[in-house]
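Engineer: Have a look at this one.
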Amino acid sequence: MAGWTQNQLLHELEPVAEVELERHLKAAKEWMPHEYIPWTEGRNFDGILDGMPWDVTQSKVSETARTALVVNLLTEDNLPSYHREIYQSFGADGAWGTWVGRWTAEEGRHGMAIRDYLLTTRAVDPVALERERMVHMTTGFESTFDVDMLHTVAYVSFQELATRISHRNTGKFTDDPFCEQLLARIAVDENLHMVFYRNLLGKAFELAPNETMKAVWDVVSDFQMPGSTIEGFTRRSVQIAMAGIYDLRIHHDEVLAPVLKKWGVWDLEGLDDEGEKARASLSDFMAGLDKNAARFEQKREAWRARQASRAAG
């Protein structure tokens with residue numbers, strides 16, 4: 001890494017991690033997941049308690065909303081895999097280790113709260129959900145990048161923001177005020193996590209600009225959401241994109257572009273040949289993604305027009 005070992009880089013950036021951890025702890029507001037669940041809507045399911053079996057007519061949300069909610073929850077469920085990834089990248093010492101523990105604790109309540117909401121309101125099939133959880137967690141999640149600080153922080157800077165937007169938009173799409181309120185609160189956590197990682201990598205650009213630029217290019221060019229290992233993810237992601245919950249336009253305009261601008265990647269000076277090559281590739285990729293997003297929007301509008309015509313006919 002051009003003179004920097006992984007341990008040296010972690011050591012040099014630990015003061016930054018300490019500052020960002022302190023900022024996070026001051027900004028984070030305590031909240032209780034159980035307060036966001038409409039428990040009075042709950043009742044026993046069939047099984048050992050001999051309650052009422054689940055039926056799709058009991059769900060107050062649409063099929064697309066159910067798809068998005070299940071994808072969001074299964075993504076959160078894989079926390080043990082994510083914990084392993086950042087632990088291997090950061091270690092357990094000092095501010096790094098403290099952050100790993102705090103981040104894991106905050107992320108843990110997201111899955112618990114979403115599951116409590118879904119089961120209490122009978123929004124989704126509990127049997128299918130549990131079976132999918134077992135399959136998804138058994139598969140786990142493994143980064144396609146090197147498990148080092150730069151690649152890990154670059155990835156989560158984008159991923160946390162993407163997750164925040166996905167939760168927020170899913171909540172709105174359900175038309176259920178309880179769900180929207182819960183997912184909006186979870187989105188606040190995700191945003192604070194994004195800020196920690198984004199600011200950290202911003203300092204990495206100052207310390208090791210060429211290596212950081214190359215790590216960002218690696219991540220952006222092959223970015224996959226952590227839920228991509230969910231069975232049927234491609235089909236489900238298309239359904240989610242058609243609904244406008246998360247699509248290429250959002251990924252380009254609301255996730256990649258603002259973070260890259262915050263890091264000042266387009267104005268960074270003093271890059272070597274490899275760094276410049278990575279930035280040029282990044283620029284070309286963003287331009288191509290913008291075109292692909294425009295094409296998808298056109299196709300979606302045409303599809304929506306056909307659907308409206310059929311409904312009116």
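Letters A, B, ... mark the chains of the structure tokens in the order given; residue numbers begin at 1 per chain; ligand numbers begin at 1, in order shown.
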May I have the residues within 8 Å of Val124 (chain A) as a JSON list (two decimals) with N, CA, C and O atoms, in the first residue's frame, using only C-alpha atoms and disregarding those fewer than 5 positions away in the same chain?

Structural biologist:
[["chain", "number", "residue", "atom", "x", "y", "z"],
["A", 56, "VAL", "N", -52.92, -13.76, 3.77],
["A", 56, "VAL", "CA", -52.50, -12.53, 3.12],
["A", 56, "VAL", "C", -53.52, -11.41, 3.28],
["A", 56, "VAL", "O", -53.17, -10.22, 3.26],
["A", 59, "SER", "N", -52.83, -8.70, 5.95],
["A", 59, "SER", "CA", -51.79, -7.69, 5.75],
["A", 59, "SER", "C", -52.40, -6.39, 5.27],
["A", 59, "SER", "O", -53.20, -6.36, 4.33],
["A", 66, "ARG", "N", -44.63, -5.50, 1.01],
["A", 66, "ARG", "CA", -44.18, -6.71, 1.72],
["A", 66, "ARG", "C", -42.81, -7.15, 1.21],
["A", 66, "ARG", "O", -41.94, -7.55, 1.99],
["A", 70, "VAL", "N", -39.54, -7.33, 3.65],
["A", 70, "VAL", "CA", -38.83, -8.59, 3.86],
["A", 70, "VAL", "C", -37.36, -8.45, 3.48],
["A", 70, "VAL", "O", -36.46, -8.90, 4.20],
["A", 118, "LEU", "N", -43.60, -6.45, 11.91],
["A", 118, "LEU", "CA", -44.18, -7.32, 10.88],
["A", 118, "LEU", "C", -45.05, -8.42, 11.49],
["A", 118, "LEU", "O", -46.13, -8.72, 10.96],
["A", 119, "LEU", "N", -44.61, -9.01, 12.57],
["A", 119, "LEU", "CA", -45.37, -10.10, 13.17],
["A", 119, "LEU", "C", -46.58, -9.58, 13.93],
["A", 119, "LEU", "O", -47.66, -10.18, 13.87],
["A", 129, "LEU", "N", -41.10, -16.09, 6.27],
["A", 129, "LEU", "CA", -40.06, -15.18, 6.73],
["A", 129, "LEU", "C", -38.98, -15.92, 7.51],
["A", 129, "LEU", "O", -37.78, -15.72, 7.29]]

Engineer: I'd like a table as CSV: residues in region 178-263 of chain A with an atom no more than 12 Å from region 7-11 of chain A, each row giving the shortest atom pair and its distance in Å to one decimal, only C-alpha atoms counted, sorted by chain and rising residue number.

Structural biologist:
residue,atom,partner,partner_atom,distance
A:Leu200,CA,A:Leu10,CA,10.9
A:Leu201,CA,A:Leu9,CA,11.5
A:Lys203,CA,A:Leu9,CA,11.1
A:Ala204,CA,A:Leu9,CA,8.5
A:Phe205,CA,A:Leu9,CA,11.6
A:Glu206,CA,A:Leu9,CA,11.9
A:Leu207,CA,A:Leu9,CA,8.7
A:Ala208,CA,A:Leu9,CA,8.8
A:Glu211,CA,A:Leu9,CA,11.0
A:Thr212,CA,A:Leu9,CA,11.2

Engineer: May I have the residues within 10 Å of Asp218 (chain A) as a ChimeraX atom specification, using only C-alpha atoms and disregarding those fewer than 2 positions away in the same chain?

Structural biologist: /A:144-146,151,154-155,212-216,220-223,278,281-282

Engineer: What's around Gly270 (chain A) at 10 Å? Count only C-alpha atoms, leave out sequence neighbours fewer than 6 positions away in its own chain, and write the answer as a PyMOL selection string.

Structural biologist: chain A and resi 209-210+276

Engineer: Take the residues from that selection and write them out as a short mmCIF file (atom, residue, chain, number, x, y, z; two decimals), in the first residue's frame, keeping C-alpha atoms.

Structural biologist:
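The new file part-v4.cif reads:
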data_model
loop_
_atom_site.label_atom_id
_atom_site.label_comp_id
_atom_site.auth_asym_id
_atom_site.auth_seq_id
_atom_site.Cartn_x
_atom_site.Cartn_y
_atom_site.Cartn_z
CA PRO A 209 -5.11 9.69 -1.56
CA ASN A 210 -4.05 7.23 -4.27
CA GLU A 276 -5.70 9.33 -11.79
#

Engineer: Name the closest residue to Glu63 (chain A) among the candidates A:Met112, A:Ala27, A:Ala243, A:Val156; distances are taken between atoms, counting only C-alpha atoms.

Structural biologist: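 Using only C-alpha atoms, Glu63 (chain A) sits closest to A:Ala243.
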
Engineer: From the options A:Ala123, A:Met149, A:Met286, A:Leu192, which residue's atoms come nearest to Trp103 (chain A), counting only C-alpha atoms?

Structural biologist: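 For Trp103 (chain A), the nearest of the given residues is A:Leu192.
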
Engineer: From the DSSP assignment of the backbone, select every residue of region 40-139 of chain A that is helix (DSSP H, G or I), and format the answer as a short mmCIF file (atom, residue, chain, number, x, y, z; two decimals) with N, CA, C and O atoms, in the first residue's frame.

Structural biologist:
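The result, written out as selection.cif:
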data_model
loop_
_atom_site.label_atom_id
_atom_site.label_comp_id
_atom_site.auth_asym_id
_atom_site.auth_seq_id
_atom_site.Cartn_x
_atom_site.Cartn_y
_atom_site.Cartn_z
N THR A 40 -51.02 -3.69 20.57
CA THR A 40 -52.44 -4.01 20.74
C THR A 40 -53.03 -4.68 19.50
O THR A 40 -54.12 -5.26 19.57
N GLU A 41 -52.34 -4.61 18.37
CA GLU A 41 -52.81 -5.28 17.16
C GLU A 41 -52.41 -6.75 17.14
O GLU A 41 -52.84 -7.51 16.27
N VAL A 56 -52.92 -13.76 3.77
CA VAL A 56 -52.50 -12.53 3.12
C VAL A 56 -53.52 -11.41 3.28
O VAL A 56 -53.17 -10.22 3.26
N THR A 57 -54.78 -11.76 3.48
CA THR A 57 -55.80 -10.73 3.65
C THR A 57 -55.64 -9.96 4.95
O THR A 57 -56.23 -8.88 5.12
N GLN A 58 -54.86 -10.51 5.88
CA GLN A 58 -54.63 -9.82 7.15
C GLN A 58 -53.61 -8.68 7.01
O GLN A 58 -53.53 -7.81 7.89
N GLU A 63 -48.38 -5.92 -1.86
CA GLU A 63 -47.41 -6.97 -2.16
C GLU A 63 -46.01 -6.38 -2.32
O GLU A 63 -45.03 -6.94 -1.81
N THR A 64 -45.90 -5.26 -3.01
CA THR A 64 -44.59 -4.64 -3.20
C THR A 64 -44.02 -4.16 -1.87
O THR A 64 -42.81 -4.30 -1.61
N ALA A 65 -44.86 -3.61 -1.02
CA ALA A 65 -44.40 -3.18 0.30
C ALA A 65 -43.91 -4.38 1.11
O ALA A 65 -42.90 -4.29 1.81
N ARG A 66 -44.63 -5.50 1.01
CA ARG A 66 -44.18 -6.71 1.72
C ARG A 66 -42.81 -7.15 1.21
O ARG A 66 -41.94 -7.55 1.99
N THR A 67 -42.63 -7.09 -0.10
CA THR A 67 -41.35 -7.47 -0.68
C THR A 67 -40.23 -6.59 -0.12
O THR A 67 -39.18 -7.09 0.31
N ALA A 68 -40.44 -5.29 -0.12
CA ALA A 68 -39.42 -4.36 0.38
C ALA A 68 -39.14 -4.57 1.87
O ALA A 68 -38.00 -4.55 2.31
N LEU A 69 -40.20 -4.79 2.64
CA LEU A 69 -40.03 -5.00 4.08
C LEU A 69 -39.25 -6.28 4.38
O LEU A 69 -38.38 -6.29 5.26
N VAL A 70 -39.54 -7.33 3.65
CA VAL A 70 -38.83 -8.59 3.86
C VAL A 70 -37.36 -8.45 3.48
O VAL A 70 -36.46 -8.90 4.20
N VAL A 71 -37.08 -7.80 2.35
CA VAL A 71 -35.70 -7.58 1.93
C VAL A 71 -34.96 -6.74 2.97
O VAL A 71 -33.82 -7.05 3.35
N ASN A 72 -35.60 -5.69 3.46
CA ASN A 72 -34.97 -4.84 4.47
C ASN A 72 -34.66 -5.63 5.74
O ASN A 72 -33.58 -5.50 6.32
N LEU A 73 -35.62 -6.45 6.17
CA LEU A 73 -35.41 -7.20 7.40
C LEU A 73 -34.34 -8.28 7.23
O LEU A 73 -33.46 -8.43 8.07
N LEU A 74 -34.41 -9.03 6.15
CA LEU A 74 -33.41 -10.08 5.94
C LEU A 74 -32.01 -9.48 5.83
O LEU A 74 -31.03 -10.08 6.28
N THR A 75 -31.92 -8.29 5.24
CA THR A 75 -30.63 -7.60 5.18
C THR A 75 -30.13 -7.31 6.58
O THR A 75 -28.95 -7.55 6.90
N GLU A 76 -31.00 -6.79 7.44
CA GLU A 76 -30.60 -6.50 8.82
C GLU A 76 -30.26 -7.78 9.58
O GLU A 76 -29.38 -7.77 10.46
N ASP A 77 -30.91 -8.86 9.26
CA ASP A 77 -30.69 -10.12 9.98
C ASP A 77 -29.25 -10.63 9.87
O ASP A 77 -28.78 -11.36 10.74
N LEU A 79 -26.55 -9.37 10.44
CA LEU A 79 -25.63 -8.60 11.26
C LEU A 79 -24.40 -9.39 11.72
O LEU A 79 -23.30 -8.84 11.73
N PRO A 80 -24.53 -10.67 12.11
CA PRO A 80 -23.31 -11.40 12.51
C PRO A 80 -22.23 -11.41 11.43
O PRO A 80 -21.04 -11.29 11.73
N SER A 81 -22.65 -11.54 10.18
CA SER A 81 -21.67 -11.51 9.09
C SER A 81 -21.04 -10.14 8.95
O SER A 81 -19.82 -10.02 8.74
N TYR A 82 -21.86 -9.08 9.06
CA TYR A 82 -21.32 -7.73 8.94
C TYR A 82 -20.36 -7.42 10.09
O TYR A 82 -19.32 -6.79 9.90
N HIS A 83 -20.74 -7.88 11.28
CA HIS A 83 -19.87 -7.68 12.45
C HIS A 83 -18.51 -8.32 12.21
O HIS A 83 -17.46 -7.72 12.50
N ARG A 84 -18.52 -9.52 11.66
CA ARG A 84 -17.27 -10.22 11.39
C ARG A 84 -16.42 -9.42 10.41
O ARG A 84 -15.19 -9.30 10.60
N GLU A 85 -17.04 -8.86 9.40
CA GLU A 85 -16.30 -8.12 8.38
C GLU A 85 -15.61 -6.89 8.97
O GLU A 85 -14.43 -6.65 8.72
N ILE A 86 -16.35 -6.08 9.73
CA ILE A 86 -15.73 -4.87 10.25
C ILE A 86 -14.77 -5.17 11.40
O ILE A 86 -13.79 -4.46 11.59
N TYR A 87 -15.04 -6.24 12.15
CA TYR A 87 -14.10 -6.64 13.20
C TYR A 87 -12.77 -7.04 12.58
O TYR A 87 -11.69 -6.68 13.07
N GLN A 88 -12.82 -7.80 11.49
CA GLN A 88 -11.59 -8.20 10.80
C GLN A 88 -10.87 -7.00 10.21
O GLN A 88 -9.64 -7.00 10.12
N SER A 89 -11.61 -5.98 9.82
CA SER A 89 -11.00 -4.79 9.23
C SER A 89 -10.42 -3.85 10.28
O SER A 89 -9.35 -3.27 10.08
N PHE A 90 -11.12 -3.70 11.41
CA PHE A 90 -10.75 -2.69 12.40
C PHE A 90 -10.03 -3.27 13.63
O PHE A 90 -9.23 -2.57 14.25
N GLY A 94 -8.76 -0.08 21.13
CA GLY A 94 -8.99 1.35 21.10
C GLY A 94 -10.34 1.77 20.56
O GLY A 94 -11.35 1.09 20.73
N ALA A 95 -10.33 2.94 19.90
CA ALA A 95 -11.57 3.51 19.37
C ALA A 95 -12.19 2.60 18.31
O ALA A 95 -13.42 2.54 18.18
N TRP A 96 -11.34 1.90 17.56
CA TRP A 96 -11.86 0.98 16.54
C TRP A 96 -12.75 -0.08 17.17
O TRP A 96 -13.87 -0.32 16.71
N GLY A 97 -12.25 -0.73 18.21
CA GLY A 97 -13.02 -1.78 18.86
C GLY A 97 -14.28 -1.26 19.52
O GLY A 97 -15.33 -1.91 19.48
N THR A 98 -14.18 -0.07 20.13
CA THR A 98 -15.36 0.54 20.75
C THR A 98 -16.44 0.82 19.71
O THR A 98 -17.63 0.58 19.94
N TRP A 99 -16.00 1.33 18.55
CA TRP A 99 -16.96 1.61 17.49
C TRP A 99 -17.62 0.33 17.00
O TRP A 99 -18.83 0.29 16.79
N VAL A 100 -16.84 -0.72 16.80
CA VAL A 100 -17.41 -1.98 16.32
C VAL A 100 -18.52 -2.45 17.25
O VAL A 100 -19.60 -2.85 16.81
N GLY A 101 -18.27 -2.38 18.56
CA GLY A 101 -19.29 -2.80 19.52
C GLY A 101 -20.51 -1.91 19.50
O GLY A 101 -21.65 -2.39 19.52
N ARG A 102 -20.30 -0.60 19.48
CA ARG A 102 -21.42 0.33 19.49
C ARG A 102 -22.25 0.20 18.22
O ARG A 102 -23.48 0.17 18.27
N TRP A 103 -21.57 0.15 17.08
CA TRP A 103 -22.27 0.01 15.80
C TRP A 103 -23.10 -1.26 15.77
O TRP A 103 -24.26 -1.26 15.34
N THR A 104 -22.53 -2.36 16.24
CA THR A 104 -23.24 -3.64 16.24
C THR A 104 -24.47 -3.58 17.13
O THR A 104 -25.54 -4.08 16.76
N ALA A 105 -24.34 -2.96 18.29
CA ALA A 105 -25.47 -2.85 19.21
C ALA A 105 -26.59 -2.02 18.60
O ALA A 105 -27.78 -2.37 18.72
N GLU A 106 -26.25 -0.93 17.93
CA GLU A 106 -27.26 -0.09 17.33
C GLU A 106 -27.93 -0.79 16.15
O GLU A 106 -29.15 -0.70 15.97
N GLU A 107 -27.14 -1.47 15.35
CA GLU A 107 -27.71 -2.20 14.21
C GLU A 107 -28.61 -3.34 14.67
O GLU A 107 -29.61 -3.66 14.03
N GLY A 108 -28.28 -3.96 15.80
CA GLY A 108 -29.04 -5.12 16.28
C GLY A 108 -30.50 -4.82 16.54
O GLY A 108 -31.37 -5.68 16.32
N ARG A 109 -30.78 -3.61 17.00
CA ARG A 109 -32.18 -3.30 17.32
C ARG A 109 -33.03 -3.09 16.08
O ARG A 109 -34.26 -3.15 16.15
N HIS A 110 -32.39 -2.84 14.95
CA HIS A 110 -33.17 -2.60 13.72
C HIS A 110 -33.94 -3.85 13.32
O HIS A 110 -35.14 -3.80 13.05
N GLY A 111 -33.22 -4.97 13.23
CA GLY A 111 -33.88 -6.21 12.86
C GLY A 111 -34.94 -6.62 13.85
O GLY A 111 -36.03 -7.09 13.47
N MET A 112 -34.64 -6.48 15.14
CA MET A 112 -35.62 -6.85 16.17
C MET A 112 -36.90 -6.03 16.03
O MET A 112 -38.00 -6.57 16.11
N ALA A 113 -36.75 -4.73 15.83
CA ALA A 113 -37.91 -3.86 15.76
C ALA A 113 -38.74 -4.11 14.50
O ALA A 113 -39.98 -4.15 14.56
N ILE A 114 -38.07 -4.28 13.37
CA ILE A 114 -38.81 -4.53 12.14
C ILE A 114 -39.57 -5.85 12.23
O ILE A 114 -40.74 -5.94 11.84
N ARG A 115 -38.93 -6.88 12.78
CA ARG A 115 -39.61 -8.17 12.91
C ARG A 115 -40.80 -8.06 13.86
O ARG A 115 -41.88 -8.60 13.59
N ASP A 116 -40.64 -7.35 14.97
CA ASP A 116 -41.75 -7.17 15.90
C ASP A 116 -42.93 -6.50 15.21
O ASP A 116 -44.09 -6.89 15.40
N TYR A 117 -42.63 -5.47 14.40
CA TYR A 117 -43.71 -4.79 13.68
C TYR A 117 -44.40 -5.73 12.70
O TYR A 117 -45.63 -5.80 12.65
N LEU A 118 -43.60 -6.45 11.91
CA LEU A 118 -44.18 -7.32 10.88
C LEU A 118 -45.05 -8.42 11.49
O LEU A 118 -46.13 -8.72 10.96
N LEU A 119 -44.61 -9.01 12.57
CA LEU A 119 -45.37 -10.10 13.17
C LEU A 119 -46.58 -9.58 13.93
O LEU A 119 -47.66 -10.18 13.87
N THR A 120 -46.42 -8.48 14.63
CA THR A 120 -47.54 -7.94 15.40
C THR A 120 -48.67 -7.48 14.49
O THR A 120 -49.85 -7.71 14.78
N PRO A 126 -45.27 -15.25 8.50
CA PRO A 126 -44.20 -15.51 9.48
C PRO A 126 -43.43 -16.79 9.21
O PRO A 126 -42.23 -16.87 9.50
N VAL A 127 -44.07 -17.80 8.65
CA VAL A 127 -43.39 -19.06 8.35
C VAL A 127 -42.40 -18.87 7.20
O VAL A 127 -41.23 -19.28 7.29
N ALA A 128 -42.86 -18.24 6.14
CA ALA A 128 -41.97 -17.98 5.00
C ALA A 128 -40.81 -17.08 5.42
O ALA A 128 -39.66 -17.29 5.00
N LEU A 129 -41.10 -16.09 6.27
CA LEU A 129 -40.06 -15.18 6.73
C LEU A 129 -38.98 -15.92 7.51
O LEU A 129 -37.78 -15.72 7.29
N GLU A 130 -39.39 -16.78 8.41
CA GLU A 130 -38.41 -17.51 9.23
C GLU A 130 -37.59 -18.48 8.38
O GLU A 130 -36.38 -18.63 8.59
N ARG A 131 -38.23 -19.12 7.44
CA ARG A 131 -37.49 -20.04 6.57
C ARG A 131 -36.47 -19.28 5.73
O ARG A 131 -35.34 -19.76 5.53
N GLU A 132 -36.85 -18.09 5.25
CA GLU A 132 -35.90 -17.29 4.49
C GLU A 132 -34.76 -16.78 5.37
O GLU A 132 -33.61 -16.69 4.92
N ARG A 133 -35.08 -16.46 6.59
CA ARG A 133 -34.03 -16.01 7.51
C ARG A 133 -32.99 -17.10 7.71
O ARG A 133 -31.78 -16.84 7.71
N MET A 134 -33.45 -18.32 7.88
CA MET A 134 -32.53 -19.43 8.10
C MET A 134 -31.61 -19.62 6.90
O MET A 134 -30.39 -19.80 7.05
N VAL A 135 -32.18 -19.56 5.71
CA VAL A 135 -31.38 -19.74 4.49
C VAL A 135 -30.39 -18.58 4.33
O VAL A 135 -29.20 -18.79 4.07
N HIS A 136 -30.87 -17.36 4.52
CA HIS A 136 -30.04 -16.17 4.29
C HIS A 136 -28.89 -16.09 5.28
O HIS A 136 -27.74 -15.81 4.90
N MET A 137 -29.16 -16.34 6.55
CA MET A 137 -28.11 -16.26 7.55
C MET A 137 -27.12 -17.41 7.43
O MET A 137 -25.94 -17.26 7.75
N THR A 138 -27.59 -18.56 6.98
CA THR A 138 -26.68 -19.68 6.76
C THR A 138 -25.71 -19.36 5.63
O THR A 138 -24.51 -19.66 5.72
N THR A 139 -26.22 -18.72 4.59
CA THR A 139 -25.36 -18.29 3.49
C THR A 139 -24.40 -17.22 3.96
O THR A 139 -23.21 -17.23 3.63
#

Engineer: Between CA of Ala280 (chain A) and CA of Trp266 (chain A), what is the spacing in Å?

Structural biologist: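 Between CA of Trp266 (chain A) and CA of Ala280 (chain A) the gap is 9.4 Å.
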
Engineer: Between A:Leu182, A:Gly47, A:Glu20, A:Val219, which is the closest to Thr152 (chain A) once you count only C-alpha atoms?

Structural biologist: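 Going through A:Leu182, A:Gly47, A:Glu20, A:Val219 one by one, the smallest distance to Thr152 (chain A) is for A:Val219.
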
Engineer: So that I can check the surroundings of Ala287 (chain A), please list as a list in words every protein, DNA and RNA residue that reaches within 12 Å of it, counting only C-alpha atoms and ignoring chain neighbours fewer than 6 positions away.

Structural biologist: Arg249, His252, Asp253, Leu256, Ala257, Ala280, Ser281, Ala293 and Ala294 of chain A

Engineer: Could those selected residues go to a file with N, CA, C and O atoms, as a tab-separated table (two decimals), in the first residue's frame?

Structural biologist:
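Result file follows (part35.tsv):
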chain	number	residue	atom	x	y	z
A	249	ARG	N	-31.53	5.63	-10.37
A	249	ARG	CA	-31.48	7.09	-10.21
A	249	ARG	C	-31.16	7.47	-8.78
A	249	ARG	O	-30.34	8.35	-8.51
A	252	HIS	N	-27.51	6.67	-8.04
A	252	HIS	CA	-26.60	7.65	-8.62
A	252	HIS	C	-26.69	9.01	-7.93
A	252	HIS	O	-25.68	9.57	-7.48
A	253	ASP	N	-27.93	9.54	-7.85
A	253	ASP	CA	-28.12	10.93	-7.40
A	253	ASP	C	-28.07	11.11	-5.89
A	253	ASP	O	-27.61	12.16	-5.41
A	256	LEU	N	-24.27	7.71	-4.45
A	256	LEU	CA	-22.89	7.83	-4.94
A	256	LEU	C	-22.45	9.29	-5.11
A	256	LEU	O	-21.42	9.71	-4.57
A	257	ALA	N	-23.22	10.06	-5.87
A	257	ALA	CA	-22.80	11.42	-6.21
A	257	ALA	C	-22.55	12.31	-5.00
A	257	ALA	O	-21.50	12.98	-4.93
A	280	ALA	N	-10.46	8.54	-13.29
A	280	ALA	CA	-11.02	8.59	-14.64
A	280	ALA	C	-12.03	7.46	-14.84
A	280	ALA	O	-13.11	7.66	-15.43
A	281	SER	N	-11.70	6.27	-14.34
A	281	SER	CA	-12.63	5.15	-14.45
A	281	SER	C	-13.90	5.44	-13.66
A	281	SER	O	-15.00	5.11	-14.10
A	293	ALA	N	-29.65	4.96	-15.70
A	293	ALA	CA	-30.75	5.39	-14.85
A	293	ALA	C	-31.83	6.08	-15.68
A	293	ALA	O	-33.03	5.85	-15.47
A	294	ALA	N	-31.41	6.90	-16.63
A	294	ALA	CA	-32.37	7.60	-17.49
A	294	ALA	C	-33.15	6.60	-18.34
A	294	ALA	O	-34.37	6.75	-18.51

Engineer: Kindly give the distance, in Å, that separates CA of Ser309 (chain A) and CA of Asp176 (chain A), rounded to a single decimal.

Structural biologist: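 Spanning CA of Ser309 (chain A) to CA of Asp176 (chain A) is a straight-line distance of 27.7 Å.
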